[in-house]
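In what follows, a single structure is set out as structure tokens and then discussed.
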Amino acid sequence: TKLVDLMLFSNDLTGMIPSEIGLLQPLERFAVSYNSLKGTVPSELRNLKNLTLFHMQGNVLTGSMDWMGACDMWNEERSFIGDCGFPSDLENSLECHCCTQCCNAYERCQNNDLNMFSPLELSLFGMAGVCLAMFTVVTIIIYVVSKHRIRMKHVELDVVEASGEGSVYCLVLTRSALCWSITILTVILQIFLLILFLLAASFKGDDSDWVYTKRCPASSLDCTDEREIT
């Protein structure tokens, strides 16, 4: 005989997860959620290559689970849930990059998108990409003009009149140091407000406004998404 399921959730267990569990290589479903287990998750569990379900939320488990290695080594249909969400009651919260769901201190869970960048990081990448693209385009134009000696026709144009006297762009198009100072301060303020907004929208962080919509009750292995409840 071989042990395939080991369901120990909601059993008031204490202590640490035994490293000997890693010897049960045929194990496919292992649940120790909602107990009082503490310490780190033993690295010997990396031998359980047949695991499709591993629930460990609702404990006091800490540390990194980087021993799991590349996530594609595990079953694509896996259900790995841990207390890797934010905010956390623990100073050294659990780090589980291969968990499919992360739960927080309020016992609410959310999908753990693997390669997910924060909105701030994505915005910075996007702005850097736009700046790089603009720099590339300007460089190409300058190169083409200088190489082929293209003459630009002199055009009389009042840019202030063209943009409109009431336009905010008039501040940029003048030679006034005061106008330029107002423009720069306005840009800095806008960037600051954008960063505050993106930090609040971040998936990770104790100050995040991200809403965890799933509940994984102690009495069941199934999670429900409250957005789908009518």
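Please note that chains go A, B, ... in the order of the structure tokens, that every chain numbers its residues from 1, and that ligands are numbered from 1 in the order shown.
Residues surrounding segment 211-223 of chain A within 9 Å are A:Phe9, A:Ser10, A:Ala31, A:Ser33, A:Tyr34, A:His55, A:Gln57, A:Gly58, A:Gly85, A:Cys103, A:Asn104, A:Glu107, A:Arg108, A:Cys109, A:Gln110, A:Asn111, A:Phe203, A:Ser208, A:Asp209, A:Asp225, A:Glu226, A:Arg227 [only C-alpha atoms; sequence separation below 2 positions excluded].
Taking atom CA of Ser93 of chain A as the reference point, atom CA of Gly63 of chain A is found at 6.3 Å.
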